[in-house]
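Text of the file upload-v8.tsv, holding TSV, C-alpha atoms:
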chain	number	residue	atom	x	y	z
C	9	MET	CA	-6.51	10.67	-23.60
C	10	ARG	CA	-6.82	7.17	-22.20
C	11	ARG	CA	-4.84	8.07	-19.08
C	12	ALA	CA	-6.91	11.20	-18.55
C	13	LYS	CA	-10.09	9.12	-18.51
C	14	PHE	CA	-8.51	6.76	-16.02
C	15	GLU	CA	-7.55	9.65	-13.73
C	16	VAL	CA	-11.12	11.00	-13.73
C	17	ARG	CA	-12.53	7.58	-12.98
C	18	GLY	CA	-9.87	7.15	-10.29
C	19	ALA	CA	-10.85	10.41	-8.61
C	20	PHE	CA	-14.40	9.09	-8.34
C	21	MET	CA	-13.15	5.82	-6.87
C	22	LEU	CA	-11.11	7.65	-4.24
C	23	LYS	CA	-14.13	9.67	-3.23
C	24	THR	CA	-16.21	6.54	-2.78
C	25	LEU	CA	-13.42	4.88	-0.78
C	26	ARG	CA	-13.15	7.65	1.77
C	27	THR	CA	-16.71	7.46	3.06
C	28	PRO	CA	-19.04	4.45	2.96
C	29	PRO	CA	-22.46	4.91	1.38
C	30	ALA	CA	-25.28	5.39	3.86
C	31	SER	CA	-26.73	2.01	2.91
C	32	SER	CA	-23.45	0.16	3.38
C	33	GLY	CA	-23.50	-2.68	5.85
C	34	PHE	CA	-19.89	-1.87	6.68
C	35	ALA	CA	-20.91	1.46	8.21
C	36	GLU	CA	-23.05	-0.38	10.73
C	37	ARG	CA	-20.47	-3.07	11.48
C	38	SER	CA	-17.56	-0.68	11.98
C	39	ALA	CA	-19.67	1.32	14.43
C	40	ASP	CA	-19.79	-1.66	16.78
C	41	PRO	CA	-17.31	-0.86	19.62
C	42	ARG	CA	-16.50	-4.55	20.02
C	43	LEU	CA	-15.20	-4.53	16.46
C	44	ALA	CA	-13.58	-1.11	16.62
C	45	CYS	CA	-11.30	-2.22	19.44
C	46	ALA	CA	-10.02	-5.10	17.31
C	47	SER	CA	-7.83	-2.77	15.25
C	48	THR	CA	-5.72	0.32	15.81
C	49	ASP	CA	-5.71	3.58	13.89
C	50	ASP	CA	-3.33	4.27	11.04
C	51	LEU	CA	-1.05	6.41	13.18
C	52	SER	CA	-0.11	3.25	15.08
C	53	ARG	CA	1.30	1.65	11.92
C	54	ASN	CA	5.08	1.39	11.71
C	55	VAL	CA	5.06	2.79	8.19
C	56	PHE	CA	7.79	4.58	6.24
C	57	GLY	CA	7.66	6.82	3.20
C	58	LEU	CA	9.78	5.22	0.47
C	59	LEU	CA	10.16	7.25	-2.73
C	60	GLY	CA	6.57	8.43	-2.80
C	61	ILE	CA	4.77	5.37	-1.42
C	62	PRO	CA	4.11	3.99	2.07
C	63	VAL	CA	5.76	0.72	3.11
C	64	ASP	CA	4.98	-0.99	6.41
C	65	ALA	CA	7.85	-2.45	8.41
C	66	LEU	CA	6.40	-5.77	9.50
C	67	ASP	CA	7.09	-9.47	9.25
C	68	PHE	CA	4.88	-12.38	8.26
C	69	PRO	CA	3.64	-13.19	11.79
C	70	SER	CA	2.55	-9.57	12.28
C	71	LEU	CA	0.85	-9.57	8.89
C	72	LEU	CA	-1.06	-12.76	9.66
C	73	ARG	CA	-2.19	-11.34	13.01
C	74	ALA	CA	-3.41	-8.17	11.30
C	75	MET	CA	-5.36	-10.23	8.77
C	76	ASP	CA	-6.90	-12.27	11.56
C	77	LEU	CA	-8.00	-9.10	13.38
C	78	ALA	CA	-9.47	-7.69	10.18
C	79	THR	CA	-11.35	-10.93	9.50
C	80	ASN	CA	-12.87	-10.85	12.98
C	81	ALA	CA	-13.72	-7.15	12.73
C	82	GLY	CA	-15.46	-7.61	9.38
C	83	SER	CA	-14.60	-4.14	8.06
C	84	PRO	CA	-12.78	-3.52	4.74
C	85	PHE	CA	-9.04	-4.17	4.95
C	86	LEU	CA	-7.08	-3.47	1.77
C	87	ILE	CA	-3.56	-4.88	1.41
C	88	SER	CA	-1.23	-3.58	-1.30
C	89	THR	CA	2.00	-5.29	-2.34
C	90	PRO	CA	4.30	-2.67	-3.90
C	91	ASN	CA	7.28	-3.88	-5.91
C	92	VAL	CA	9.47	-2.07	-8.45
C	93	ASN	CA	6.66	-2.05	-11.01
C	94	PHE	CA	4.31	-0.50	-8.43
C	95	LEU	CA	6.97	2.07	-7.53
C	96	VAL	CA	7.51	3.04	-11.17
C	97	LYS	CA	3.79	3.26	-11.97
C	98	SER	CA	3.18	5.38	-8.88
C	99	GLN	CA	5.51	8.07	-10.25
C	100	ILE	CA	3.30	8.72	-13.29
C	101	ASN	CA	-0.15	7.58	-12.20
C	102	GLY	CA	-1.51	9.53	-9.25
C	103	THR	CA	-4.61	7.37	-8.91
C	104	PHE	CA	-2.53	4.21	-8.73
C	105	ARG	CA	-0.35	5.85	-6.09
C	106	GLU	CA	-3.45	6.76	-4.08
C	107	SER	CA	-4.49	3.11	-4.02
C	108	MET	CA	-1.40	2.44	-1.90
C	109	LEU	CA	-1.73	5.59	0.19
C	110	LEU	CA	-5.27	4.58	1.14
C	111	SER	CA	-4.45	0.91	1.80
C	112	ASP	CA	-4.49	-0.54	5.30
C	113	LEU	CA	-1.13	-2.27	4.81
C	114	CYS	CA	1.59	-1.93	2.16
C	115	LEU	CA	4.04	-4.81	1.96
C	116	ALA	CA	7.50	-4.67	0.40
C	117	ASP	CA	7.09	-7.22	-2.40
C	118	GLY	CA	10.42	-6.87	-4.15
C	119	MET	CA	14.06	-7.13	-3.13
C	120	PRO	CA	15.04	-3.82	-4.80
C	121	LEU	CA	12.73	-2.06	-2.33
C	122	ILE	CA	14.52	-3.82	0.52
C	123	TRP	CA	17.89	-2.74	-0.91
C	124	ILE	CA	16.75	0.88	-1.19
C	125	ALA	CA	15.44	0.76	2.37
C	126	LYS	CA	18.83	-0.48	3.59
C	127	LEU	CA	20.65	2.29	1.72
C	128	LEU	CA	18.39	4.86	3.38
C	129	ARG	CA	18.60	3.17	6.81
C	130	ILE	CA	14.91	2.36	6.81
C	131	PRO	CA	14.26	-0.73	8.98
C	132	ILE	CA	12.39	-2.78	6.39
C	133	HIS	CA	14.35	-6.01	6.33
C	134	GLU	CA	11.96	-8.72	5.20
C	135	ARG	CA	10.41	-9.14	1.80
C	136	VAL	CA	6.70	-9.91	2.21
C	137	ALA	CA	5.74	-11.07	-1.27
C	138	GLY	CA	2.14	-11.73	-2.27
C	139	SER	CA	3.08	-15.18	-3.58
C	140	ASP	CA	4.77	-16.05	-0.29
C	141	LEU	CA	1.76	-14.77	1.65
C	142	PHE	CA	-0.59	-16.96	-0.38
C	143	GLY	CA	1.71	-19.93	0.23
C	144	ARG	CA	1.76	-19.33	3.98
C	145	LEU	CA	-2.00	-18.98	4.15
C	146	LYS	CA	-2.38	-22.15	2.12
C	147	SER	CA	-0.04	-24.20	4.29
C	148	ALA	CA	-1.33	-22.93	7.64
C	149	ASN	CA	-2.47	-25.77	9.85
C	150	GLY	CA	-3.26	-24.02	13.13
C	151	THR	CA	-6.16	-24.77	15.40
C	152	GLY	CA	-8.27	-21.90	14.05
C	153	ARG	CA	-10.78	-22.23	11.25
C	154	ARG	CA	-9.66	-22.20	7.65
C	155	LEU	CA	-9.67	-18.85	5.89
C	156	ARG	CA	-12.41	-18.71	3.25
C	157	VAL	CA	-11.00	-17.34	-0.01
C	158	PHE	CA	-12.62	-16.21	-3.27
C	159	LEU	CA	-10.34	-16.39	-6.32
C	160	LEU	CA	-11.02	-13.65	-8.87
C	161	GLY	CA	-9.34	-13.49	-12.28
C	162	GLY	CA	-6.54	-15.44	-13.91
C	163	ALA	CA	-6.64	-17.17	-17.27
C	164	GLU	CA	-9.66	-19.30	-18.07
C	165	GLY	CA	-9.86	-22.36	-15.83
C	166	LEU	CA	-6.86	-21.55	-13.62
C	167	ALA	CA	-8.82	-20.29	-10.61
C	168	ALA	CA	-11.11	-23.33	-10.68
C	169	ALA	CA	-8.13	-25.68	-10.79
C	170	VAL	CA	-6.36	-23.89	-7.94
C	171	GLY	CA	-9.56	-23.75	-5.90
C	172	ALA	CA	-10.17	-27.48	-6.31
C	173	ARG	CA	-6.59	-28.18	-5.23
C	174	LEU	CA	-6.91	-25.96	-2.14
C	175	ASN	CA	-10.04	-27.80	-1.03
C	176	ALA	CA	-8.51	-31.20	-1.71
C	177	GLU	CA	-5.41	-30.39	0.35
C	178	ARG	CA	-7.44	-29.20	3.36
C	179	GLY	CA	-4.78	-26.67	4.35
C	180	GLY	CA	-5.30	-23.16	5.66
C	181	LEU	CA	-7.43	-21.92	2.75
C	182	ASP	CA	-10.96	-23.01	1.91
C	183	CYS	CA	-11.93	-21.91	-1.59
C	184	VAL	CA	-15.57	-20.79	-1.52
C	185	GLY	CA	-15.79	-19.33	-5.00
C	186	VAL	CA	-13.99	-18.65	-8.26
C	187	LEU	CA	-14.77	-16.26	-11.09
C	188	ASN	CA	-13.06	-15.06	-14.23
C	189	PRO	CA	-14.83	-11.82	-15.27
C	190	GLY	CA	-12.88	-11.70	-18.54
C	191	PHE	CA	-11.54	-8.49	-20.02
C	192	GLY	CA	-13.30	-5.15	-19.97
C	193	THR	CA	-13.65	-1.86	-18.18
C	194	ILE	CA	-13.67	-1.57	-14.40
C	195	GLU	CA	-17.39	-0.81	-14.55
C	196	LYS	CA	-18.13	-3.87	-16.67
C	197	MET	CA	-16.14	-6.06	-14.30
C	198	SER	CA	-18.04	-4.57	-11.35
C	199	SER	CA	-21.57	-5.53	-12.35
C	200	SER	CA	-24.13	-6.32	-9.66
C	201	LYS	CA	-24.06	-9.96	-10.73
C	202	ILE	CA	-20.29	-10.22	-10.11
C	203	ILE	CA	-20.37	-8.38	-6.78
C	204	ASP	CA	-23.40	-10.37	-5.59
C	205	GLU	CA	-21.67	-13.65	-6.42
C	206	ILE	CA	-18.58	-12.65	-4.44
C	207	ASN	CA	-20.61	-11.45	-1.47
C	208	ALA	CA	-22.80	-14.55	-1.43
C	209	SER	CA	-19.69	-16.73	-1.02
C	210	ASN	CA	-19.22	-15.44	2.55
C	211	ALA	CA	-15.47	-15.27	1.89
C	212	ASP	CA	-12.96	-13.79	4.34
C	213	LEU	CA	-10.43	-12.94	1.62
C	214	ILE	CA	-10.69	-11.85	-2.00
C	215	ALA	CA	-7.56	-12.80	-3.93
C	216	VAL	CA	-7.48	-10.75	-7.14
C	217	PHE	CA	-5.38	-11.92	-10.08
C	218	PHE	CA	-5.57	-8.96	-12.49
C	219	GLY	CA	-2.72	-6.75	-13.62
C	220	ALA	CA	-1.52	-4.33	-10.95
C	221	GLU	CA	-3.28	-1.17	-12.15
C	222	LYS	CA	-6.56	-2.86	-12.99
C	223	ALA	CA	-6.60	-4.84	-9.74
C	224	GLN	CA	-5.99	-1.79	-7.57
C	225	ALA	CA	-8.58	0.22	-9.51
C	226	TRP	CA	-11.16	-2.56	-9.22
C	227	LEU	CA	-10.60	-2.95	-5.48
C	228	LEU	CA	-11.00	0.78	-4.89
C	229	HIS	CA	-14.04	1.05	-7.13
C	230	ASN	CA	-15.85	-1.70	-5.22
C	231	HIS	CA	-14.46	-0.99	-1.75
C	232	TRP	CA	-17.81	-0.44	-0.04
C	233	ARG	CA	-19.79	-2.90	-2.14
C	234	LEU	CA	-17.70	-5.93	-1.20
C	235	ARG	CA	-18.50	-7.86	1.97
C	236	PRO	CA	-15.38	-10.03	2.36
C	237	PRO	CA	-13.18	-8.00	4.74
C	238	VAL	CA	-9.63	-8.77	3.53
C	239	ARG	CA	-8.75	-8.08	-0.09
C	240	ALA	CA	-5.48	-7.99	-2.00
C	241	GLN	CA	-3.97	-8.22	-5.47
C	242	PHE	CA	-1.85	-11.36	-5.89
C	243	GLY	CA	-0.82	-10.92	-9.53
C	244	ALA	CA	1.02	-13.87	-11.03
C	245	THR	CA	0.46	-16.06	-7.96
C	246	ILE	CA	-2.38	-17.85	-9.73
C	247	ASN	CA	0.04	-19.01	-12.44
C	248	PHE	CA	2.50	-20.31	-9.87
C	249	GLU	CA	-0.23	-22.14	-7.94
C	250	ALA	CA	-1.69	-23.66	-11.11
C	251	GLY	CA	1.74	-24.77	-12.30
C	252	THR	CA	1.51	-22.99	-15.66
C	253	VAL	CA	4.57	-20.88	-14.70
C	254	ARG	CA	7.36	-22.10	-12.46
C	255	ARG	CA	8.44	-19.73	-9.73
C	256	ALA	CA	12.10	-18.89	-9.28
C	257	PRO	CA	14.12	-21.00	-6.82
C	258	PRO	CA	14.38	-19.53	-3.29
C	259	MET	CA	18.02	-18.49	-3.76
C	260	LEU	CA	17.18	-16.34	-6.79
C	261	ARG	CA	14.24	-14.79	-4.96
C	262	SER	CA	16.33	-13.93	-1.90
C	263	THR	CA	19.15	-12.39	-3.93
C	264	GLY	CA	16.88	-10.19	-6.04
C	265	PHE	CA	17.38	-11.95	-9.37
C	266	GLU	CA	13.92	-13.43	-9.64
C	267	TRP	CA	13.32	-11.16	-12.62
C	268	LEU	CA	15.85	-13.13	-14.67
C	269	TRP	CA	13.91	-16.32	-14.00
C	270	ARG	CA	10.62	-14.60	-14.85
C	271	ILE	CA	12.03	-13.52	-18.21
C	272	LYS	CA	13.14	-17.09	-18.86
C	273	GLU	CA	9.66	-18.38	-18.05
C	274	GLU	CA	7.75	-15.52	-19.70
C	275	PRO	CA	10.01	-13.86	-22.31
C	276	TYR	CA	7.53	-11.06	-23.06
C	277	LEU	CA	8.23	-9.61	-19.61
C	278	TRP	CA	11.67	-8.37	-20.66
C	279	ARG	CA	10.19	-5.10	-21.93
C	280	ARG	CA	8.59	-4.35	-18.56
C	281	TYR	CA	11.74	-5.19	-16.62
C	282	TRP	CA	13.89	-3.15	-18.99
C	283	SER	CA	11.61	-0.13	-18.72
C	284	ASP	CA	11.24	-0.39	-14.94
C	285	GLY	CA	14.97	-0.96	-14.51
C	286	LYS	CA	15.83	2.27	-16.31
C	287	VAL	CA	13.43	4.28	-14.15
C	288	LEU	CA	14.75	2.61	-11.00
C	289	LEU	CA	18.35	3.40	-11.93
C	290	ALA	CA	17.44	7.03	-12.53
C	291	MET	CA	15.75	7.21	-9.11
C	292	LEU	CA	18.79	5.69	-7.45
C	293	VAL	CA	21.03	8.38	-8.95
C	294	THR	CA	18.73	11.39	-8.60
C	295	CYS	CA	16.96	10.55	-5.31
C	296	VAL	CA	18.52	7.74	-3.27
C	297	LEU	CA	22.15	8.84	-3.53
C	298	PRO	CA	21.42	12.49	-2.58
C	299	LEU	CA	19.25	11.28	0.32
C	300	MET	CA	22.09	9.09	1.58
C	301	LEU	CA	24.38	12.12	1.59
C	302	SER	CA	21.72	14.30	3.26
C	303	GLU	CA	21.10	11.72	5.97
C	304	ARG	CA	24.75	11.79	7.01
C	305	ARG	CA	24.42	15.49	7.76
C	306	THR	CA	21.47	15.04	10.13
C	307	ARG	CA	23.26	13.49	13.10
C	308	ASN	CA	23.68	16.74	15.05
C	309	LEU	CA	20.26	18.25	14.47
C	310	ASN	CA	18.12	19.66	17.25
C	311	ARG	CA	15.55	17.68	19.20
C	312	LEU	CA	12.02	18.04	17.87
C	313	SER	CA	9.53	20.22	19.70
C	314	ILE	CA	5.90	20.72	18.66
C	315	ALA	CA	3.85	23.81	19.50
C	316	ARG	CA	0.08	23.73	19.04
C	317	SER	CA	-2.21	26.65	18.32
C	318	GLU	CA	-5.81	26.69	17.14
C	319	ASP	CA	-8.77	28.86	16.35
C	320	HIS	CA	-12.42	28.04	15.75
C	321	GLY	CA	-11.72	26.41	12.37
C	322	SER	CA	-8.20	24.99	12.34
C	323	VAL	CA	-5.42	23.56	14.45
C	324	THR	CA	-1.76	24.26	13.64
C	325	LEU	CA	1.19	22.16	14.77
C	326	ALA	CA	4.55	23.95	14.48
C	327	LEU	CA	7.48	21.52	14.21
C	328	SER	CA	10.86	22.85	15.35
C	329	GLY	CA	14.00	20.76	15.02
C	330	ALA	CA	14.48	17.39	13.36
C	331	ALA	CA	11.39	15.38	12.41
C	332	VAL	CA	13.17	12.01	12.57
C	333	VAL	CA	12.35	8.55	13.84
C	334	THR	CA	13.72	9.07	17.37
C	335	HIS	CA	11.07	11.72	17.97
C	336	VAL	CA	8.12	10.01	16.32
C	337	ASP	CA	6.30	8.69	19.41
C	338	GLY	CA	5.67	12.12	20.87
C	339	ALA	CA	4.64	13.45	17.47
C	340	ILE	CA	2.08	10.66	17.06
C	341	GLU	CA	0.28	11.69	20.22
C	342	GLN	CA	0.24	15.35	19.21
C	343	LEU	CA	-1.02	14.54	15.72
C	344	ARG	CA	-3.66	12.18	17.07
C	345	ASP	CA	-4.96	14.87	19.44
C	346	ALA	CA	-5.09	17.35	16.56
C	347	LEU	CA	-7.04	14.86	14.45
C	348	ASP	CA	-9.48	14.30	17.29
C	349	SER	CA	-10.35	17.99	17.24
C	350	GLY	CA	-12.05	17.50	13.87
C	351	LYS	CA	-10.70	20.85	12.66
C	352	ARG	CA	-8.70	21.73	9.57
C	353	MET	CA	-5.11	20.63	10.18
C	354	ILE	CA	-2.00	22.65	9.29
C	355	VAL	CA	1.61	21.56	9.82
C	356	ASP	CA	4.00	24.50	10.10
C	357	VAL	CA	7.52	23.45	9.09
C	358	SER	CA	9.11	26.92	9.15
C	359	ASN	CA	11.63	25.77	11.76
C	360	THR	CA	11.88	22.11	10.74
C	361	GLN	CA	15.44	21.13	9.90
C	362	TYR	CA	14.86	17.73	8.36
C	363	ILE	CA	12.10	15.16	7.68
C	364	ASP	CA	13.02	11.48	7.44
C	365	ALA	CA	11.20	8.48	5.96
C	366	ARG	CA	9.43	7.62	9.21
C	367	PHE	CA	7.90	11.07	9.46
C	368	PHE	CA	6.87	11.02	5.82
C	369	GLY	CA	5.11	7.75	6.58
C	370	LEU	CA	3.41	9.38	9.56
C	371	PHE	CA	2.30	12.34	7.44
C	372	LEU	CA	0.81	9.91	4.93
C	373	MET	CA	-1.22	8.27	7.68
C	374	VAL	CA	-2.47	11.66	8.90
C	375	ARG	CA	-3.37	12.50	5.31
C	376	LYS	CA	-5.29	9.23	5.02
C	377	GLN	CA	-7.26	9.91	8.21
C	378	LEU	CA	-8.12	13.41	7.03
C	379	ALA	CA	-9.14	12.15	3.59
C	380	SER	CA	-11.61	9.75	5.21
C	381	ARG	CA	-13.59	12.79	6.36
C	382	GLY	CA	-13.08	14.92	3.26
C	383	GLN	CA	-10.23	17.10	4.58
C	384	LYS	CA	-6.68	17.73	3.42
C	385	LEU	CA	-3.34	17.84	5.20
C	386	LEU	CA	-1.91	21.34	4.76
C	387	PHE	CA	1.71	22.46	5.09
C	388	THR	CA	3.03	25.98	5.59
C	389	GLY	CA	6.46	27.58	5.89
C	390	VAL	CA	8.26	25.17	3.55
C	391	SER	CA	11.80	26.43	2.98
C	392	ALA	CA	13.76	25.78	-0.20
C	393	THR	CA	15.93	23.26	1.67
C	394	LEU	CA	12.93	21.39	3.01
C	395	ARG	CA	11.20	21.50	-0.37
C	396	ARG	CA	14.22	19.70	-1.78
C	397	ILE	CA	13.80	16.98	0.90
C	398	PHE	CA	10.17	16.54	-0.17
C	399	ARG	CA	11.26	16.30	-3.80
C	400	LEU	CA	14.08	13.81	-3.21
C	401	ASN	CA	11.71	11.57	-1.25
C	402	ARG	CA	9.13	11.94	-4.05
C	403	PHE	CA	6.55	13.45	-1.73
C	404	GLU	CA	6.24	16.84	-3.39
C	405	PHE	CA	2.58	15.98	-4.04
C	406	LEU	CA	1.99	16.52	-0.31
C	407	LEU	CA	2.68	20.21	-0.93
C	408	SER	CA	-0.04	20.59	-3.56
C	409	GLN	CA	-2.33	22.07	-0.88
C	410	GLU	CA	0.35	24.25	0.71
C	411	VAL	CA	-0.96	27.19	2.74
Please render this file's structure as structure tokens.
Amino acid sequence: MRRAKFEVRGAFMLKTLRTPPASSGFAERSADPRLACASTDDLSRNVFGLLGIPVDALDFPSLLRAMDLATNAGSPFLISTPNVNFLVKSQINGTFRESMLLSDLCLADGMPLIWIAKLLRIPIHERVAGSDLFGRLKSANGTGRRLRVFLLGGAEGLAAAVGARLNAERGGLDCVGVLNPGFGTIEKMSSSKIIDEINASNADLIAVFFGAEKAQAWLLHNHWRLRPPVRAQFGATINFEAGTVRRAPPMLRSTGFEWLWRIKEEPYLWRRYWSDGKVLLAMLVTCVLPLMLSERRTRNLNRLSIARSEDHGSVTLALSGAAVVTHVDGAIEQLRDALDSGKRMIVDVSNTQYIDARFFGLFLMVRKQLASRGQKLLFTGVSATLRRIFRLNRFEFLLSQEV
């Protein structure tokens, strides 16, 4: 029953995320062409579909540039940091999964995700952890102005202590506000008083230190009410910065054994790691291994061709051949043109031989663009073989609106 209530509330949050309220200041700001040119559309993202979630292939310099553009543009820019726990939760919680699908960037925060990407020949090579991002922002000493940050959450007193330290160090982050809203429902933690206090700080970045599900739900629920442009969930980073929990040494982090250190520091976490580890192992056996074998059989597939047809209400793109990374650039242009038509969009895969992770990432971005205007991405002609590819990649939910 509790999960059902969360799903209903999540559906409402997703609806509010797609379209800003008429009174939202963001609607006016994003309409400014000077700001619109500061960012690119989602189809330009180098994003891959990894076991049901999107993961962007980017490094820290690219991430920092994207954050700088978003800060200058002033429009909402949601960053998600999926790790194994995110991956596992996304398999059973559709609303939580949507929080990543609708994010502006998804960073691989977890070495197991990097390992899986390597096994599937997905070019995601660098772990971009939330804790490392916070550290880089904190230590930045460039010529630009300091990034104004609002610290939300954490145990009592931790955010204030970290904020005071940031301001004393005079690094790349200027703490302009801290708040611990306590425990409660998303609605209770989203009162006008809380939102007004955050907005009055004139922050560039909201760093949220709730648990993963609550943080993502809170960020979606308040997407159009918040004025600070960049927002992200940083989890346990507040404990590392405050010194109440020691972070694992760099060698353990780089080799993927940080979880052992976390259990040593916080023994109660063993249950989460044990549960997530079992699910991850099952996914490796039932999804990753079969995908590795399937990928080896795709080397002699046909080149992709795309035929377009349309009527007064819809546009259909028929994909023939292999929808794989080497053919993605041409597909992006065709999909972008179809989106620009404003019509209902259908992807005909009757003659599609294979879909790889890059194309699943592209489909997710098309789906996100359509969702922003209340439309759905529709597929037709899905063969049994192709349906298996959707299932192994954990994207069978894309077929829920199959024509």
Distance query Gly60 in chain C at most 8 Å, only C-alpha atoms, self and fewer than 6 positions along chain excluded, as an NGL selection string: :C and (95 or 98-99 or 401-403)
For CA of Ala339 in chain C and CA of Thr89 in chain C, the interatomic separation in Å (one decimal):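 About the pair CA of Ala339 in chain C and CA of Thr89 in chain C: they are 27.4 Å apart.
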Point-to-point distance in Å for CA of Val357 in chain C and CA of Leu327 in chain C: 5.5 Å
Point (2.3, 19.5, 0.7), cut-off 9 Å, counting all atoms listed in the file, residues as a PyMOL selection string: chain C and resi 385-388+390+398+403-411
Atomic distance CA of Thr193 in chain C - CA of Thr252 in chain C, expressed in Å with one decimal: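 Spanning CA of Thr193 in chain C to CA of Thr252 in chain C is a straight-line distance of 26.1 Å.
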Distance criterion (all atoms listed in the file): nearest to Pro84 in chain C out of C:Asp212, C:Glu106, C:Glu266, C:Asp204: C:Asp212
